[in-house]
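Q: Take a look at the following structure, please.
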Amino acid sequence: MSRTNEWTGRSASALQAALRLSNERFAEKLGVGARTVASWRKKPDLVQQSEMQQVLDTAFEQASEAERARFAELVGEAPAAQAVSSIAEDERLTTDPHIEAALEWLDRSARWTPGAARRAVAARVADVSVQDLHNRGTRRSWVSQREVVDALRQYYGHQIENHGLYSGRIGADTVNTSVLTCFDWLDVACELRPEQERFTATNTRPDASLVLDERAASLAVQRLAETLAMNTRLVNSPIYRLLDTDIRKHQLGGSFGVTYFAHYALTMDLLEGELMDAIAAGSPSMPLRDRHLPDLRSVLDVANRLCAGGVLALTAIARPADPYRGDADYLLLV
């Protein structure tokens, strides 16, 4: 595998990406300052001085065949826009602490050796087509709420028994939702006051890793690869997970623990996309749901599954009647 005839800022950055080194580690390898390495992205067309040409030649000659192949793809075989994108993806794989945390969690949960998740994601991201992802998003947007409700009813069927999917009326129209409820959870007439709202945090330490089978781990790898390809920001912050519920007349209660967002994003958050894809394709196959939420018992067993949510959540604020404002009203924020 031959290298470029002369080193520019762009080709030097491509070599860094092919070696999968951070700015600091690449600078250490070359014996230069980290600022010098960082400046190459700002001046991609700048031809390096003769001394640096020799240093980069040596680094290239010491690279493995796989690293040289990646370099060749970045500077020659891939289109320029794709090469720039690949450099950014490789940089995030080595420097983004949130991606790093997700990779370490995936190694533990899949029972892989350290570094296996990084290699798997790096290999997968090269096959991700951004246009295919946009097309998939379009297909998912065509799926209606009614189709989602019908699909879930068909999936869980007779298991629902005393439970049902919540519906409401707006004027003469009935709106069906995919929210599971039961008679005891409705019309609880509970004011949001401390004596009636009894939620507690039972554990403030993040939960232990899940155990992912081969398919679940592969889907997690795909999610991370798509995150990098789309340049989507992933923030692995602590989030609450529901552990228990105690809902009764005039009382809302339950307990919460803590998990990390990446744990949710790489497992339970994938179920919605799988459902949308199955509906769009007219296929009943949903292996991830079969694994995580195969029946109503698993849905309700919040203590033994990861029951958490991302940024899309429902907030309901009810206000009593007021002599100045008038009738009672409510606000729903989605």
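A note on labels: chains of the structure tokens are A, B, ... as shown, every chain counts residues from 1, and ligands are counted from 1 in their shown order.
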What lies within 12 Å of Leu133 in chain A using only C-alpha atoms, ignoring chain neighbours under 2 positions off, as a list of chain:residue names?
A: A:Asp127, A:Val128, A:Ser129, A:Val130, A:Gln131, A:Asn135, A:Arg136, A:Gly137, A:Thr138, A:Arg139, A:Arg140, A:Gln222, A:Arg223, A:Ala225, A:Glu226, A:Thr227, A:Ala229, A:Met230, A:Gly273, A:Asp277
Q: At a cut-off of 12 Å, using only C-alpha atoms, what residues contact Arg119 in chain A? Leave out same-chain residues fewer than 2 positions from it and give the result as a list of chain:residue names.
A: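 Selected residues are A:Arg20, A:Ala66, A:Asp90, A:Leu93, A:Thr94, A:Leu103, A:Glu104, A:Leu106, A:Asp107, A:Trp112, A:Thr113, A:Pro114, A:Gly115, A:Ala116, A:Ala117, A:Val121, A:Ala122, A:Ala123, A:Arg124, A:Val125, A:Ala126, A:Val221, A:Leu224, A:Ala225.
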Q: As a PyMOL selection string, list the residues of range 194-250 of chain A assigned to helix (DSSP H, G or I) by DSSP on the backbone atoms of this structure.
A: chain A and resi 214-229
Q: Would you mind telling me which residue in A:Arg111, A:Arg198, A:Arg169, A:Arg41 lies nearest to Leu252 in chain A when using only C-alpha atoms?
A: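 Comparing A:Arg111, A:Arg198, A:Arg169, A:Arg41 against Leu252 in chain A, the winner is A:Arg198.
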Q: Grab the CA of Arg10 in chain A to CA of Trp40 in chain A distance for me, in Å with one decimal place.
A: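 We find that CA of Arg10 in chain A and CA of Trp40 in chain A lie 6.6 Å from each other.
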Q: Take CA of Leu288 in chain A and CA of Ser141 in chain A and report the distance between them in Å, one decimal.
A: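 It comes out at 20.7 Å.
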Q: So what do you get for CA of Thr36 in chain A versus CA of Gly9 in chain A, distance-wise?
A: 9.8 Å
Q: Would you pick out the contacts of Glu191 in chain A at 8 Å or less, using only C-alpha atoms, so that residues sharing its chain but fewer than 3 positions from it are not included, and give the list as a PyMOL selection string?
A: chain A and resi 196-197+250
Q: So which residues touch Arg289 in chain A within 10 Å, counting only C-alpha atoms, skipping near sequence neighbours fewer than 5 positions away, as an mmCIF file with C-alpha atoms, in the first residue's frame?
A:
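Now in result18.cif:
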data_model
loop_
_atom_site.group_PDB
_atom_site.id
_atom_site.type_symbol
_atom_site.label_atom_id
_atom_site.label_comp_id
_atom_site.auth_asym_id
_atom_site.auth_seq_id
_atom_site.Cartn_x
_atom_site.Cartn_y
_atom_site.Cartn_z
ATOM 1 C CA TYR A 155 -48.231 -8.405 19.716
ATOM 2 C CA MET A 268 -34.477 -0.432 25.556
ATOM 3 C CA LEU A 270 -33.920 0.528 20.355
ATOM 4 C CA LEU A 271 -37.345 -1.098 20.723
ATOM 5 C CA GLU A 272 -39.259 1.864 19.314
ATOM 6 C CA GLU A 274 -37.529 -1.814 15.740
ATOM 7 C CA LEU A 275 -41.306 -1.495 16.071
ATOM 8 C CA PRO A 294 -41.907 -10.469 25.362
ATOM 9 C CA ASP A 295 -45.107 -10.392 27.454
#
Q: Let me make sure I understand: among A:Asp132, A:Arg70, A:Val188, A:Thr95, which one has the smallest atom-to-atom distance to Ser22 in chain A if we use only C-alpha atoms?
A: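 Among the listed residues, A:Thr95 lies closest to Ser22 in chain A.
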Q: Excluding Leu46 in chain A and any residue of its chain fewer than 2 positions from it, enumerate the residues within 6 Å of it, using only C-alpha atoms, and give them as a ChimeraX atom specification.
A: /A:8-9,43-44
Q: Please dump the current selection as a PDB file, in the first residue's frame; keep N, CA, C and O atoms.
A:
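Ended up saving to selection-v9.pdb:
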ATOM      1  N   THR A   8       0.428  16.605   3.622  1.00  0.00           N
ATOM      2  CA  THR A   8      -0.262  17.864   3.890  1.00  0.00           C
ATOM      3  C   THR A   8      -0.987  17.726   5.231  1.00  0.00           C
ATOM      4  O   THR A   8      -0.991  16.645   5.847  1.00  0.00           O
ATOM      5  N   GLY A   9      -1.607  18.805   5.653  1.00  0.00           N
ATOM      6  CA  GLY A   9      -2.383  18.724   6.882  1.00  0.00           C
ATOM      7  C   GLY A   9      -3.481  17.691   6.777  1.00  0.00           C
ATOM      8  O   GLY A   9      -3.755  16.942   7.730  1.00  0.00           O
ATOM      9  N   LYS A  43      -5.580  23.692   8.722  1.00  0.00           N
ATOM     10  CA  LYS A  43      -4.862  24.027   7.491  1.00  0.00           C
ATOM     11  C   LYS A  43      -4.617  22.748   6.693  1.00  0.00           C
ATOM     12  O   LYS A  43      -3.496  22.271   6.565  1.00  0.00           O
ATOM     13  N   PRO A  44      -5.683  22.172   6.137  1.00  0.00           N
ATOM     14  CA  PRO A  44      -5.570  20.861   5.475  1.00  0.00           C
ATOM     15  C   PRO A  44      -4.686  20.862   4.231  1.00  0.00           C
ATOM     16  O   PRO A  44      -4.130  19.829   3.864  1.00  0.00           O
TER      17      PRO A  44
END
Q: Mind listing the strand (DSSP E) residues of range 178-322 of chain A, per DSSP on the backbone, as a count of residues only?
A: 41
Q: Pick out the closest residue to Ser237 in chain A from this set: A:Val75, A:Ile99, A:Ala63, A:Met276. Count only C-alpha atoms.
A: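 Answer, going by the shortest atom-to-atom distance: A:Ile99.
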Q: Quick one: everything within 12 Å of Gly157 in chain A, counting only C-alpha atoms, minus sequence neighbours fewer than 6 positions away in the same chain. Send it as a VMD selection string.
A: chain A and resid 149 to 151 163 to 165 294 to 296
Q: Could the residues in this selection be written to a file with all heavy atoms, as an mmCIF file, in the first residue's frame?
A:
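For reference, out-v1.cif as written:
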data_model
loop_
_atom_site.group_PDB
_atom_site.id
_atom_site.type_symbol
_atom_site.label_atom_id
_atom_site.label_comp_id
_atom_site.auth_asym_id
_atom_site.auth_seq_id
_atom_site.Cartn_x
_atom_site.Cartn_y
_atom_site.Cartn_z
ATOM 1 N N VAL A 149 -50.500 1.483 17.674
ATOM 2 C CA VAL A 149 -51.445 0.915 18.637
ATOM 3 C C VAL A 149 -51.898 -0.473 18.181
ATOM 4 O O VAL A 149 -51.909 -1.431 18.974
ATOM 5 C CB VAL A 149 -52.657 1.848 18.809
ATOM 6 C CG1 VAL A 149 -53.743 1.179 19.649
ATOM 7 C CG2 VAL A 149 -52.223 3.159 19.463
ATOM 8 N N ASP A 150 -52.248 -0.604 16.920
ATOM 9 C CA ASP A 150 -52.710 -1.903 16.398
ATOM 10 C C ASP A 150 -51.614 -2.953 16.490
ATOM 11 O O ASP A 150 -51.883 -4.119 16.824
ATOM 12 C CB ASP A 150 -53.181 -1.751 14.955
ATOM 13 C CG ASP A 150 -54.458 -0.927 14.836
ATOM 14 O OD1 ASP A 150 -55.147 -0.761 15.865
ATOM 15 O OD2 ASP A 150 -54.759 -0.447 13.718
ATOM 16 N N ALA A 151 -50.370 -2.559 16.200
ATOM 17 C CA ALA A 151 -49.259 -3.517 16.241
ATOM 18 C C ALA A 151 -49.017 -4.011 17.662
ATOM 19 O O ALA A 151 -48.768 -5.211 17.881
ATOM 20 C CB ALA A 151 -47.995 -2.876 15.678
ATOM 21 N N HIS A 163 -55.557 -4.969 31.897
ATOM 22 C CA HIS A 163 -54.909 -3.739 31.447
ATOM 23 C C HIS A 163 -55.386 -3.387 30.040
ATOM 24 O O HIS A 163 -56.011 -4.203 29.357
ATOM 25 C CB HIS A 163 -53.388 -3.897 31.451
ATOM 26 C CG HIS A 163 -52.805 -4.030 32.823
ATOM 27 N ND1 HIS A 163 -52.916 -5.185 33.564
ATOM 28 C CD2 HIS A 163 -52.117 -3.148 33.586
ATOM 29 C CE1 HIS A 163 -52.314 -5.018 34.736
ATOM 30 N NE2 HIS A 163 -51.827 -3.786 34.766
ATOM 31 N N GLY A 164 -55.081 -2.182 29.637
ATOM 32 C CA GLY A 164 -55.470 -1.757 28.303
ATOM 33 C C GLY A 164 -54.645 -0.572 27.863
ATOM 34 O O GLY A 164 -53.906 0.021 28.650
ATOM 35 N N LEU A 165 -54.749 -0.223 26.593
ATOM 36 C CA LEU A 165 -54.046 0.939 26.066
ATOM 37 C C LEU A 165 -54.918 2.174 26.264
ATOM 38 O O LEU A 165 -56.092 2.183 25.915
ATOM 39 C CB LEU A 165 -53.716 0.741 24.583
ATOM 40 C CG LEU A 165 -52.789 -0.452 24.281
ATOM 41 C CD1 LEU A 165 -52.538 -0.558 22.783
ATOM 42 C CD2 LEU A 165 -51.478 -0.322 25.033
ATOM 43 N N PRO A 294 -41.153 -9.486 26.138
ATOM 44 C CA PRO A 294 -41.907 -10.469 25.362
ATOM 45 C C PRO A 294 -43.373 -10.617 25.768
ATOM 46 O O PRO A 294 -44.178 -11.119 24.989
ATOM 47 C CB PRO A 294 -41.149 -11.768 25.632
ATOM 48 C CG PRO A 294 -40.564 -11.571 27.003
ATOM 49 C CD PRO A 294 -40.193 -10.119 27.055
ATOM 50 N N ASP A 295 -43.732 -10.220 26.988
ATOM 51 C CA ASP A 295 -45.107 -10.392 27.454
ATOM 52 C C ASP A 295 -45.448 -9.286 28.443
ATOM 53 O O ASP A 295 -44.611 -8.470 28.819
ATOM 54 C CB ASP A 295 -45.285 -11.774 28.096
ATOM 55 C CG ASP A 295 -44.209 -12.083 29.125
ATOM 56 O OD1 ASP A 295 -43.801 -11.153 29.855
ATOM 57 O OD2 ASP A 295 -43.765 -13.240 29.194
ATOM 58 N N LEU A 296 -46.714 -9.280 28.871
ATOM 59 C CA LEU A 296 -47.179 -8.228 29.769
ATOM 60 C C LEU A 296 -46.468 -8.289 31.122
ATOM 61 O O LEU A 296 -46.208 -7.252 31.738
ATOM 62 C CB LEU A 296 -48.695 -8.345 29.966
ATOM 63 C CG LEU A 296 -49.342 -7.214 30.764
ATOM 64 C CD1 LEU A 296 -49.146 -5.878 30.067
ATOM 65 C CD2 LEU A 296 -50.821 -7.489 30.992
#
Q: List the spatial neighbours of Ile317 in chain A as a VMD selection string - criterion: any atom at most 10 Å away, only C-alpha atoms, same-chain residues fewer than 5 positions off excluded.
A: chain A and resid 192 329 to 333
Q: Nearest to Asp187 in chain A: which of A:Leu74, A:Leu228, A:Ile247, A:Leu15 is it, counting only C-alpha atoms?
A: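 Of the candidates, the smallest distance to Asp187 in chain A is held by A:Ile247.
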